[in-house]
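**Student:** Sharing target_21.cif below, mmCIF, C-alpha atoms:
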data_start
#
loop_
_atom_site.label_atom_id
_atom_site.label_comp_id
_atom_site.auth_asym_id
_atom_site.auth_seq_id
_atom_site.Cartn_x
_atom_site.Cartn_y
_atom_site.Cartn_z
CA MET G 1 31.66 -1.81 8.82
CA ALA G 2 32.47 1.60 10.30
CA GLU G 3 31.16 3.22 7.13
CA LEU G 4 27.94 1.24 7.29
CA LEU G 5 27.42 2.33 10.88
CA ALA G 6 28.13 5.96 10.01
CA GLN G 7 25.53 5.79 7.24
CA ALA G 8 23.07 4.11 9.58
CA TRP G 9 23.62 6.91 12.06
CA THR G 10 22.86 9.50 9.34
CA ILE G 11 19.48 7.85 8.75
CA ALA G 12 18.77 7.47 12.44
CA ARG G 13 19.71 11.09 13.14
CA LYS G 14 17.41 12.28 10.35
CA ASP G 15 14.51 10.35 11.90
CA LEU G 16 15.28 11.48 15.41
CA VAL G 17 15.62 15.15 14.43
CA LEU G 18 12.31 14.90 12.63
CA GLU G 19 10.81 13.27 15.72
CA PHE G 20 12.28 15.85 18.06
CA ARG G 21 11.02 18.78 15.99
CA THR G 22 7.42 17.57 15.86
CA ARG G 23 7.29 15.49 19.05
CA THR G 24 3.69 14.45 18.35
CA ALA G 25 4.40 10.76 17.85
CA LEU G 26 6.71 10.47 20.84
CA LEU G 27 4.33 12.31 23.16
CA SER G 28 1.40 10.25 21.94
CA ALA G 29 3.30 7.02 22.57
CA VAL G 30 4.25 8.14 26.10
CA VAL G 31 0.67 9.14 26.90
CA PHE G 32 -0.55 5.85 25.44
CA THR G 33 1.82 3.92 27.71
CA ALA G 34 0.64 5.80 30.78
CA LEU G 35 -2.96 5.11 29.78
CA VAL G 36 -2.39 1.38 29.29
CA LEU G 37 -0.80 1.18 32.74
CA THR G 38 -3.81 3.00 34.19
CA VAL G 39 -6.26 0.75 32.39
CA PHE G 40 -4.45 -2.32 33.74
CA ASN G 41 -5.04 -1.10 37.27
CA PHE G 42 -8.80 -1.31 36.70
CA GLY G 43 -8.61 -4.57 34.80
CA ARG G 44 -7.88 -6.62 37.92
CA ASP G 45 -9.32 -7.26 41.34
CA PRO G 46 -6.69 -5.98 43.82
CA THR G 47 -8.19 -8.03 46.66
CA ALA G 48 -7.97 -11.29 44.71
CA VAL G 49 -4.60 -11.16 42.96
CA ALA G 50 -1.47 -9.73 44.55
CA THR G 51 -0.02 -6.94 42.40
CA ILE G 52 3.42 -8.50 42.48
CA ASP G 53 2.12 -11.65 40.77
CA LEU G 54 0.64 -9.63 37.97
CA ALA G 55 3.36 -6.97 37.74
CA PRO G 56 5.69 -8.66 35.20
CA SER G 57 2.79 -9.29 32.82
CA ILE G 58 1.50 -5.72 33.17
CA LEU G 59 4.94 -4.31 32.44
CA TRP G 60 5.56 -6.45 29.39
CA VAL G 61 2.15 -6.30 27.80
CA THR G 62 2.35 -2.50 28.09
CA PHE G 63 5.82 -2.40 26.54
CA THR G 64 4.74 -4.75 23.74
CA PHE G 65 1.82 -2.51 22.81
CA ALA G 66 3.96 0.61 23.04
CA ALA G 67 6.62 -0.90 20.79
CA MET G 68 4.02 -1.92 18.23
CA LEU G 69 2.54 1.57 18.17
CA ALA G 70 5.98 3.08 17.71
CA LEU G 71 6.88 0.68 14.90
CA ASN G 72 3.80 1.54 12.91
CA ARG G 73 5.11 5.03 12.33
CA ALA G 74 8.69 4.02 11.39
CA PHE G 75 8.11 3.84 7.65
CA GLN G 76 4.79 5.69 7.53
CA LEU G 77 6.97 8.78 7.81
CA GLU G 78 8.67 7.98 4.53
CA LEU G 79 5.46 7.67 2.54
CA GLU G 80 4.80 11.41 2.55
CA ASN G 81 6.08 13.08 -0.62
CA GLN G 82 7.62 9.74 -1.69
CA ALA G 83 10.48 10.25 0.75
CA LEU G 84 11.18 6.51 0.63
CA GLU G 85 11.91 6.71 -3.12
CA GLY G 86 14.46 9.42 -2.33
CA LEU G 87 16.16 7.20 0.23
CA LEU G 88 16.21 4.28 -2.18
CA VAL G 89 17.79 6.18 -5.08
CA SER G 90 20.52 7.50 -2.80
CA PRO G 91 23.73 5.39 -2.95
CA LEU G 92 23.02 4.09 0.55
CA PRO G 93 23.41 0.32 1.07
CA ARG G 94 20.13 -1.28 2.13
CA VAL G 95 21.73 -2.65 5.28
CA SER G 96 22.57 0.82 6.58
CA LEU G 97 19.03 1.97 5.81
CA TYR G 98 17.72 -0.93 7.91
CA TRP G 99 20.19 -0.32 10.73
CA GLY G 100 19.41 3.40 10.70
CA LYS G 101 15.69 2.73 11.02
CA LEU G 102 16.45 0.16 13.70
CA LEU G 103 18.51 2.65 15.72
CA ALA G 104 15.85 5.34 15.46
CA ASN G 105 13.16 2.88 16.53
CA LEU G 106 15.29 1.66 19.44
CA ALA G 107 15.76 5.24 20.61
CA PHE G 108 12.04 5.94 20.23
CA VAL G 109 10.92 2.82 22.10
CA GLY G 110 13.71 3.33 24.65
CA VAL G 111 12.41 6.79 25.53
CA VAL G 112 8.87 5.48 25.90
CA GLU G 113 10.09 2.69 28.17
CA ALA G 114 12.25 5.08 30.19
CA VAL G 115 9.08 7.03 31.02
CA GLY G 116 6.95 3.93 31.38
CA LEU G 117 9.15 2.08 33.88
CA PRO G 118 9.07 4.72 36.70
CA LEU G 119 5.32 5.15 36.13
CA PHE G 120 4.88 1.38 36.45
CA VAL G 121 6.90 1.30 39.70
CA LEU G 122 4.88 4.23 41.03
CA PHE G 123 1.44 2.90 40.04
CA PHE G 124 1.94 -0.69 41.17
CA ASP G 125 4.31 -0.12 44.08
CA VAL G 126 6.79 -2.75 42.89
CA PRO G 127 9.75 -3.31 45.24
CA ILE G 128 12.27 -2.78 42.47
CA GLY G 129 15.24 -1.95 44.75
CA ARG G 130 18.46 -3.63 43.72
CA ALA G 131 16.85 -5.19 40.66
CA VAL G 132 16.97 -1.92 38.67
CA LEU G 133 20.17 -2.56 36.73
CA PRO G 134 19.44 -6.18 35.78
CA LEU G 135 15.89 -5.15 34.87
CA VAL G 136 17.21 -2.47 32.51
CA GLY G 137 19.36 -5.20 30.95
CA VAL G 138 16.33 -7.46 30.44
CA ILE G 139 14.36 -4.57 28.96
CA ALA G 140 17.22 -3.76 26.58
CA LEU G 141 17.51 -7.35 25.37
CA ALA G 142 13.78 -7.79 24.85
CA THR G 143 13.39 -4.39 23.17
CA VAL G 144 16.13 -5.22 20.66
CA GLY G 145 14.16 -8.38 19.86
CA PHE G 146 10.86 -6.47 19.44
CA VAL G 147 12.34 -3.74 17.29
CA THR G 148 14.54 -5.96 15.09
CA VAL G 149 11.58 -7.91 13.70
CA GLY G 150 9.25 -4.93 13.94
CA THR G 151 11.41 -2.69 11.77
CA LEU G 152 11.59 -5.35 9.06
CA PHE G 153 7.84 -5.90 9.08
CA SER G 154 6.93 -2.22 9.24
CA ALA G 155 8.87 -1.73 5.98
CA MET G 156 6.59 -4.35 4.39
CA VAL G 157 3.21 -3.39 5.73
CA ILE G 158 3.27 0.26 4.62
CA ARG G 159 2.54 -0.86 1.09
CA THR G 160 -0.29 -3.20 2.07
CA ARG G 161 -3.95 -2.49 2.61
CA PHE G 162 -4.91 -1.95 6.28
CA ALA G 163 -1.29 -1.34 7.30
CA GLU G 164 -2.17 -0.37 10.89
CA LEU G 165 -3.99 -3.66 11.35
CA MET G 166 -1.58 -5.81 9.37
CA LEU G 167 1.47 -4.99 11.51
CA PRO G 168 0.05 -6.29 14.82
CA VAL G 169 -1.36 -9.40 13.14
CA LEU G 170 2.00 -10.28 11.61
CA LEU G 171 4.18 -9.05 14.45
CA LEU G 172 2.49 -10.31 17.63
CA PRO G 173 3.44 -13.99 17.14
CA PHE G 174 7.04 -12.85 16.74
CA LEU G 175 6.92 -10.86 19.97
CA VAL G 176 5.86 -13.90 21.97
CA PRO G 177 9.31 -15.47 22.59
CA PRO G 178 10.91 -12.21 23.84
CA LEU G 179 7.75 -11.47 25.83
CA VAL G 180 7.69 -14.90 27.51
CA LEU G 181 11.39 -14.81 28.34
CA ALA G 182 11.27 -11.22 29.60
CA VAL G 183 8.26 -11.98 31.81
CA LEU G 184 10.02 -15.04 33.30
CA ALA G 185 13.23 -13.11 33.96
CA THR G 186 11.36 -10.09 35.37
CA ALA G 187 9.34 -12.28 37.73
CA LYS G 188 12.59 -13.76 39.09
CA LEU G 189 14.02 -10.26 39.60
CA PHE G 190 10.90 -8.99 41.38
CA ALA G 191 11.05 -12.04 43.64
CA ALA G 192 14.58 -10.88 44.58
CA ARG G 193 16.17 -14.01 43.10
CA PRO G 194 19.79 -13.71 41.94
CA LEU G 195 20.38 -12.96 38.26
CA SER G 196 22.12 -16.31 37.78
CA GLU G 197 18.71 -18.02 37.97
CA SER G 198 17.56 -16.09 34.90
CA LEU G 199 20.70 -16.73 32.89
CA GLY G 200 19.02 -19.39 30.73
CA TYR G 201 16.22 -16.96 29.77
CA LEU G 202 18.68 -14.21 29.01
CA LYS G 203 20.82 -16.45 26.81
CA LEU G 204 17.78 -17.50 24.79
CA LEU G 205 16.72 -13.85 24.54
CA ALA G 206 20.18 -12.90 23.25
CA ALA G 207 20.06 -15.80 20.76
CA TYR G 208 16.70 -14.51 19.49
CA ASP G 209 18.16 -11.01 19.02
CA ILE G 210 21.22 -12.30 17.16
CA VAL G 211 19.30 -14.67 14.86
CA PHE G 212 16.68 -12.12 13.87
CA LEU G 213 19.15 -9.24 13.56
CA THR G 214 21.25 -11.32 11.18
CA PHE G 215 18.35 -12.52 9.04
CA ALA G 216 16.51 -9.19 9.05
CA SER G 217 19.67 -7.43 7.85
CA VAL G 218 19.83 -9.84 4.91
CA LEU G 219 16.09 -9.92 4.18
CA PHE G 220 15.46 -6.18 4.45
CA ARG G 221 16.44 -5.37 0.87
CA TYR G 222 13.70 -7.63 -0.45
CA THR G 223 11.11 -5.50 1.30
CA VAL G 224 12.15 -2.18 -0.29
CA ASP G 225 13.75 -2.96 -3.67
CA GLU G 226 11.67 -2.90 -6.80
CA MET B 1 -4.03 -35.27 -18.00
CA SER B 2 -4.00 -31.69 -16.70
CA LEU B 3 -2.43 -30.78 -13.40
CA VAL B 4 -5.84 -30.18 -11.78
CA GLN B 5 -6.99 -33.64 -12.80
CA LYS B 6 -3.79 -35.22 -11.49
CA GLY B 7 -4.35 -33.43 -8.19
CA ARG B 8 -7.93 -34.67 -8.09
CA TRP B 9 -6.87 -38.27 -8.64
CA ILE B 10 -4.19 -38.10 -5.96
CA THR B 11 -6.67 -36.59 -3.51
CA LEU B 12 -9.32 -39.15 -4.37
CA THR B 13 -6.86 -42.02 -3.82
CA ALA B 14 -5.82 -40.46 -0.52
CA PHE B 15 -9.45 -40.21 0.61
CA VAL B 16 -10.07 -43.88 -0.19
CA LEU B 17 -6.92 -44.80 1.75
CA LEU B 18 -8.06 -42.51 4.59
CA ALA B 19 -11.20 -44.65 4.89
CA GLY B 20 -8.77 -47.57 5.13
CA VAL B 21 -6.96 -45.82 7.99
CA TYR B 22 -10.26 -45.42 9.85
CA VAL B 23 -11.20 -49.07 9.36
CA ARG B 24 -7.78 -50.30 10.38
CA ALA B 25 -7.57 -47.97 13.39
CA LEU B 26 -11.06 -48.82 14.67
CA ALA B 27 -11.32 -52.53 13.89
CA PHE B 28 -7.85 -53.98 13.52
CA THR B 29 -5.75 -52.08 16.05
CA PRO B 30 -5.89 -52.98 19.78
CA VAL B 31 -7.54 -50.58 22.23
CA GLU B 32 -4.97 -48.81 24.39
CA ARG B 33 -5.15 -50.07 27.99
CA PHE B 34 -5.17 -46.74 29.87
CA GLN B 35 -6.80 -44.31 27.46
CA GLY B 36 -9.40 -46.61 25.97
CA PRO B 37 -11.08 -45.71 22.66
CA ALA B 38 -10.10 -42.02 23.01
CA GLN B 39 -6.59 -42.97 21.96
CA LYS B 40 -7.88 -43.79 18.43
CA ILE B 41 -7.87 -40.07 17.59
CA PHE B 42 -4.08 -40.31 17.76
CA TYR B 43 -4.09 -41.90 14.28
CA VAL B 44 -5.60 -38.73 12.82
CA HIS B 45 -4.19 -36.08 15.13
CA VAL B 46 -0.49 -36.93 14.85
CA PRO B 47 -0.44 -37.37 11.05
CA ALA B 48 -2.39 -34.09 10.64
CA ALA B 49 0.22 -32.38 12.80
CA TRP B 50 2.92 -33.92 10.62
CA SER B 51 1.30 -32.58 7.44
CA ALA B 52 0.94 -29.10 8.96
CA MET B 53 4.61 -29.05 9.98
CA LEU B 54 5.62 -30.36 6.56
CA ALA B 55 3.56 -27.57 4.98
CA MET B 56 5.32 -24.90 7.08
CA ALA B 57 8.77 -26.34 6.38
CA LEU B 58 8.06 -26.28 2.64
CA VAL B 59 6.68 -22.72 2.82
CA GLY B 60 9.99 -21.68 4.42
CA LEU B 61 12.11 -23.65 1.96
CA CYS B 62 10.22 -22.32 -1.08
CA SER B 63 10.51 -18.80 0.32
CA ILE B 64 14.30 -19.09 0.46
CA LEU B 65 14.40 -20.57 -3.05
CA TYR B 66 12.12 -17.84 -4.37
CA LEU B 67 14.32 -15.05 -3.06
CA ILE B 68 17.42 -16.68 -4.55
CA LEU B 69 16.05 -17.87 -7.91
CA LYS B 70 13.11 -15.44 -8.41
CA ASP B 71 11.09 -18.28 -9.96
CA PRO B 72 7.34 -17.61 -9.54
CA ARG B 73 6.72 -21.37 -9.27
CA PHE B 74 8.22 -21.39 -5.78
CA ASP B 75 5.96 -18.54 -4.72
CA ARG B 76 2.92 -20.33 -6.11
CA PHE B 77 3.93 -23.54 -4.34
CA ALA B 78 4.50 -21.73 -1.03
CA ALA B 79 1.06 -20.13 -1.25
CA ALA B 80 -0.57 -23.50 -1.99
CA SER B 81 1.35 -25.15 0.84
CA ALA B 82 0.31 -22.43 3.30
CA GLU B 83 -3.37 -22.83 2.46
CA VAL B 84 -3.24 -26.60 2.80
CA GLY B 85 -1.18 -26.26 5.99
CA THR B 86 -3.89 -24.00 7.47
CA ALA B 87 -6.46 -26.76 6.88
CA PHE B 88 -4.26 -29.44 8.45
CA SER B 89 -3.46 -27.28 11.49
CA LEU B 90 -7.17 -26.75 11.94
CA VAL B 91 -7.67 -30.56 11.94
CA MET B 92 -4.86 -30.87 14.49
CA LEU B 93 -6.29 -28.08 16.66
CA THR B 94 -9.78 -29.59 16.69
CA THR B 95 -8.85 -33.25 17.19
CA GLY B 96 -6.42 -32.34 20.02
CA PRO B 97 -9.04 -30.88 22.42
CA ILE B 98 -11.49 -33.73 21.64
CA TRP B 99 -8.84 -36.13 22.93
CA ALA B 100 -7.69 -33.85 25.75
CA LYS B 101 -11.13 -33.50 27.35
CA PRO B 102 -11.49 -37.17 28.44
CA ILE B 103 -7.75 -37.74 29.04
CA TRP B 104 -6.51 -34.49 30.60
CA GLY B 105 -9.93 -33.34 31.82
CA THR B 106 -9.67 -30.04 29.96
CA TRP B 107 -10.25 -28.89 26.40
CA TRP B 108 -7.26 -26.63 26.29
CA THR B 109 -4.08 -26.08 28.23
CA TRP B 110 -1.09 -23.82 27.59
CA ASP B 111 1.25 -26.73 27.12
CA ALA B 112 4.37 -26.14 25.02
CA ARG B 113 3.34 -28.17 22.00
CA LEU B 114 -0.23 -26.88 22.02
CA THR B 115 1.00 -23.33 22.08
CA LEU B 116 3.46 -24.08 19.31
CA THR B 117 0.77 -25.47 17.03
CA LEU B 118 -1.54 -22.58 17.83
CA PHE B 119 1.19 -20.21 16.70
CA LEU B 120 1.80 -22.32 13.63
CA PHE B 121 -1.86 -21.73 12.81
CA PHE B 122 -1.53 -17.98 13.48
CA LEU B 123 1.54 -17.86 11.25
CA PHE B 124 -0.35 -19.52 8.40
CA LEU B 125 -3.23 -17.08 8.88
CA GLY B 126 -0.87 -14.08 8.94
CA TYR B 127 0.85 -15.36 5.82
CA LEU B 128 -2.44 -15.69 3.94
CA LEU B 129 -3.70 -12.32 5.21
CA LEU B 130 -0.50 -10.64 4.03
CA ARG B 131 -0.90 -12.22 0.60
CA GLY B 132 -4.44 -10.91 0.47
CA ALA B 133 -3.36 -7.40 1.40
CA VAL B 134 -0.75 -6.88 -1.32
CA GLY B 135 -2.07 -6.28 -4.82
CA GLU B 136 1.04 -6.38 -6.98
CA PRO B 137 2.18 -10.00 -7.64
CA GLY B 138 5.97 -9.37 -7.52
CA LEU B 139 5.70 -7.44 -4.26
CA ARG B 140 3.35 -10.04 -2.81
CA ALA B 141 5.80 -12.84 -3.62
CA ARG B 142 8.75 -11.04 -2.00
CA TYR B 143 6.83 -9.98 1.10
CA SER B 144 5.39 -13.41 1.69
CA ALA B 145 8.81 -15.01 1.15
CA VAL B 146 10.31 -12.74 3.84
CA LEU B 147 7.47 -13.65 6.20
CA GLY B 148 7.80 -17.36 5.37
CA ILE B 149 11.50 -17.40 6.24
CA CYS B 150 10.93 -15.45 9.47
CA GLY B 151 8.12 -17.83 10.40
CA LEU B 152 10.39 -20.82 10.04
CA LEU B 153 12.98 -19.11 12.26
CA LEU B 154 10.35 -18.23 14.83
CA LEU B 155 8.99 -21.72 15.51
CA PRO B 156 12.03 -23.10 17.39
CA PHE B 157 12.06 -19.98 19.59
CA ILE B 158 8.37 -20.28 20.39
CA HIS B 159 8.91 -23.94 21.25
CA LEU B 160 11.91 -23.27 23.49
CA SER B 161 10.41 -20.29 25.26
CA VAL B 162 7.03 -21.85 26.01
CA TYR B 163 8.77 -25.09 26.96
CA LEU B 164 10.11 -23.24 29.98
CA PHE B 165 6.53 -23.27 31.22
CA ARG B 166 6.05 -26.88 32.30
CA THR B 167 4.79 -29.23 29.60
CA LEU B 168 1.91 -31.71 29.84
CA HIS B 169 1.87 -33.12 26.34
CA PRO B 170 2.62 -36.87 25.91
CA GLN B 171 6.31 -37.33 25.22
CA PRO B 172 7.45 -38.45 21.76
CA ILE B 173 6.92 -42.18 21.26
CA VAL B 174 8.11 -42.71 17.70
CA LEU B 175 10.76 -40.13 16.89
CA LYS B 176 13.02 -40.44 19.91
CA PRO B 177 16.55 -41.67 20.50
CA SER B 178 15.55 -45.19 21.64
CA SER B 179 13.33 -47.46 19.52
CA PRO B 180 9.57 -46.65 19.29
CA SER B 181 7.67 -47.70 22.42
CA LEU B 182 4.54 -48.54 20.47
CA PRO B 183 3.22 -52.07 19.86
CA GLY B 184 3.78 -53.23 16.27
CA SER B 185 0.14 -53.11 15.16
CA MET B 186 -0.37 -49.57 16.49
CA LEU B 187 2.85 -48.42 14.88
CA ALA B 188 1.78 -49.93 11.55
CA THR B 189 -1.56 -48.07 11.69
CA LEU B 190 0.20 -44.84 12.59
CA LEU B 191 2.75 -45.16 9.80
CA PHE B 192 -0.01 -46.03 7.32
CA SER B 193 -1.86 -42.91 8.42
CA PHE B 194 1.30 -40.82 8.07
CA GLY B 195 1.58 -42.00 4.47
CA VAL B 196 -2.07 -41.22 3.75
CA PHE B 197 -1.89 -37.74 5.23
CA THR B 198 1.25 -36.99 3.24
CA LEU B 199 -0.56 -38.12 0.09
CA LEU B 200 -3.54 -35.91 1.03
CA TYR B 201 -1.15 -32.99 1.42
CA VAL B 202 0.34 -33.67 -2.02
CA GLY B 203 -3.11 -33.99 -3.61
CA PHE B 204 -4.42 -30.74 -2.10
CA VAL B 205 -1.27 -28.79 -2.94
CA VAL B 206 -1.20 -30.00 -6.55
CA GLN B 207 -4.83 -28.92 -7.02
CA ARG B 208 -4.27 -25.57 -5.36
CA TYR B 209 -1.12 -24.98 -7.38
CA ALA B 210 -2.91 -25.81 -10.62
CA LEU B 211 -5.76 -23.47 -9.68
CA SER B 212 -3.49 -20.48 -9.09
CA LEU B 213 -1.66 -21.25 -12.32
CA ARG B 214 -4.98 -21.23 -14.16
CA ARG B 215 -5.96 -17.95 -12.54
CA GLU B 216 -2.72 -16.28 -13.59
CA GLU B 217 -3.11 -17.51 -17.15
CA GLY B 218 -6.70 -16.34 -17.18
CA GLY B 219 -5.58 -12.74 -16.68
CA GLY B 220 -5.57 -12.72 -12.90
CA ILE B 221 -9.34 -12.94 -12.47
CA GLY B 222 -9.97 -13.43 -8.78
CA ALA B 223 -6.25 -13.99 -8.15
#
I need this file expressed as structure tokens, please.

**Tutor:**
Amino acid sequence: MAELLAQAWTIARKDLVLEFRTRTALLSAVVFTALVLTVFNFGRDPTAVATIDLAPSILWVTFTFAAMLALNRAFQLELENQALEGLLVSPLPRVSLYWGKLLANLAFVGVVEAVGLPLFVLFFDVPIGRAVLPLVGVIALATVGFVTVGTLFSAMVIRTRFAELMLPVLLLPFLVPPLVLAVLATAKLFAARPLSESLGYLKLLAAYDIVFLTFASVLFRYTVDE
Amino acid sequence: MSLVQKGRWITLTAFVLLAGVYVRALAFTPVERFQGPAQKIFYVHVPAAWSAMLAMALVGLCSILYLILKDPRFDRFAAASAEVGTAFSLVMLTTGPIWAKPIWGTWWTWDARLTLTLFLFFLFLGYLLLRGAVGEPGLRARYSAVLGICGLLLLPFIHLSVYLFRTLHPQPIVLKPSSPSLPGSMLATLLFSFGVFTLLYVGFVVQRYALSLRREEGGGIGA
């Protein structure tokens, strides 16, 4: 187990170093997130709908799009110079390759969300107050759900035609349960309700993460092996 | 008799029996007191939903079997089942609103079961699109098997999460812990229709399976 994690970290570190040295993808994703938030502001009538009613949806639709954009590049990276072949001939177990990619994607999406959340609070004047810590917890749970399935699918779509289009079409239905649960929990938090009222949502969210993490870890090798 | 012909005969028999379902439902089954004639669509809608769910369950099952046994027959069957399932979900998604307009007063609502079946339809479409986007047969079989298994895992989560939004759909009347709360003659029509729709599913899948087999043998023309 410890060895698998160490190997996963090697893969994740490789991706993150690569990301940090070029920064193009990360910066683009952050700018994209800021733009989506801005666009949302003009996609509503502020006199008709109170911002607070719309805020959870704005936050989560933005994060869903940002995650999808980030996931598209996860394996695209490995297509250049047949880098993926190199990874596959190395004696690395497939599980650690998947976990490594998963960790790198989590870090990538996490950074985007860390920039996106303050921007969201600033733009929409959400009374976030004491809800910050629980909200970070909800975001973490939902993001694990997004990225777990997304990493598995992004390994598949790179070898299909229209990869950039195929990923959203396959992935969006799978993002609906985490999205719904996160929106429900976030709405409770913004309404200053105690966390105990959202416990049911959070449990289901955690169950989603566990089920898909388990199955994706098993299924991943079928997406890369010849 | 070739497989295609067998499929044709099964389908033909099912269509004749389907006419029987219509006759029985319209002429020999009592009109429901509150919903009136609109309730008759129930005898098509519910069995179509059953066939679509059956199709998805078999896509998932065949996907698991394919990954374990690597037998191309399971992949071929899953593909056939997905195509037929798409057709049945379309029947379910069109008959539902036709019933909902007079009874609920709206064509569409984001009720838990409606949303679930809409996503079932999207899953079928995604599955078929993925198959169309991968050229190499081995890769296509593995990718679609992975998606099929994930799809089967997803459906309970979609159901549970959208269920937390209040539901409007009629509650189960046949498959529930107590005995069915449906008068005998209505239940008989419904069960008859269930049988016919299952037979239709079998007929379509056998034909589709035989077609893809023929394509592969014919050197993959149009496959």

**Student:** Output the residue selection produced by the PyMOL selection byres ((chain G) within 6 of (chain B)) on the file above, formatted as an mmCIF file with C-alpha atoms, in the frame of the given file.

**Tutor:**
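Below is the file result_25.cif, written as the result:
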data_model
loop_
_atom_site.group_PDB
_atom_site.id
_atom_site.type_symbol
_atom_site.label_atom_id
_atom_site.label_comp_id
_atom_site.auth_asym_id
_atom_site.auth_seq_id
_atom_site.Cartn_x
_atom_site.Cartn_y
_atom_site.Cartn_z
ATOM 1 C CA THR G 160 -0.290 -3.200 2.070
ATOM 2 C CA ARG G 161 -3.950 -2.490 2.610
ATOM 3 C CA LEU G 170 2.000 -10.280 11.610
ATOM 4 C CA PRO G 177 9.310 -15.470 22.590
#

**Student:** Skip range 6-10 of chain G itself and residues of its chain fewer than 3 positions away, then list as a PyMOL selection string all residues within 9 Å of it, counting all atoms listed in the file.

**Tutor:** chain G and resi 1-3+13-15+92-93+95-104

**Student:** So how far away is CA of Leu172 in chain G from CA of Trp60 in chain G, in Å?

**Tutor:** 12.8 Å

**Student:** For range 107-117 of chain G, work out the shell of residues within 8 Å, counting only C-alpha atoms and skipping chain neighbours fewer than 6 positions away, then give it as a ChimeraX atom specification.

**Tutor:** /G:26,29-30,33-34,59,63,66-67,70,143

**Student:** For the structure provided, state which residues fall under the PyMOL selection byres ((chain B and resi 98) around 12), and present them as a ChimeraX atom specification.

**Tutor:** /B:38-42,44-45,91-97,99-108

**Student:** Please write the residues from the selection above to a file, keeping C-alpha atoms, as a CSV table (one decimal), in the frame of the given file.

**Tutor:**
chain,number,residue,atom,x,y,z
B,38,ALA,CA,-10.1,-42.0,23.0
B,39,GLN,CA,-6.6,-43.0,22.0
B,40,LYS,CA,-7.9,-43.8,18.4
B,41,ILE,CA,-7.9,-40.1,17.6
B,42,PHE,CA,-4.1,-40.3,17.8
B,44,VAL,CA,-5.6,-38.7,12.8
B,45,HIS,CA,-4.2,-36.1,15.1
B,91,VAL,CA,-7.7,-30.6,11.9
B,92,MET,CA,-4.9,-30.9,14.5
B,93,LEU,CA,-6.3,-28.1,16.7
B,94,THR,CA,-9.8,-29.6,16.7
B,95,THR,CA,-8.8,-33.2,17.2
B,96,GLY,CA,-6.4,-32.3,20.0
B,97,PRO,CA,-9.0,-30.9,22.4
B,99,TRP,CA,-8.8,-36.1,22.9
B,100,ALA,CA,-7.7,-33.8,25.8
B,101,LYS,CA,-11.1,-33.5,27.4
B,102,PRO,CA,-11.5,-37.2,28.4
B,103,ILE,CA,-7.8,-37.7,29.0
B,104,TRP,CA,-6.5,-34.5,30.6
B,105,GLY,CA,-9.9,-33.3,31.8
B,106,THR,CA,-9.7,-30.0,30.0
B,107,TRP,CA,-10.2,-28.9,26.4
B,108,TRP,CA,-7.3,-26.6,26.3

**Student:** Between G:Val144, G:Leu54, G:Leu133, G:Val49, which one has atoms that come closest to Leu106 in chain G, using only C-alpha atoms?

**Tutor:**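 Closest residue, counting only C-alpha atoms: G:Val144.
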
**Student:** Given all atoms listed in the file as the basis, pick out the residue of B:Thr198, B:Gln5, B:Gln207, B:Ser63 nearest to Trp50 in chain B.

**Tutor:**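 The closest residue to Trp50 in chain B is B:Thr198.
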
**Student:** As a check of understanding, name the residues that the PyMOL selection byres ((chain B and resi 14-16) around 6) selects in the supplied structure, as a list in words.

**Tutor:**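 Applying the PyMOL selection byres ((chain B and resi 14-16) around 6) to the structure shown produces Thr11, Leu12, Thr13, Leu17, Leu18, Ala19, Val196, Leu199 and Leu200 of chain B.
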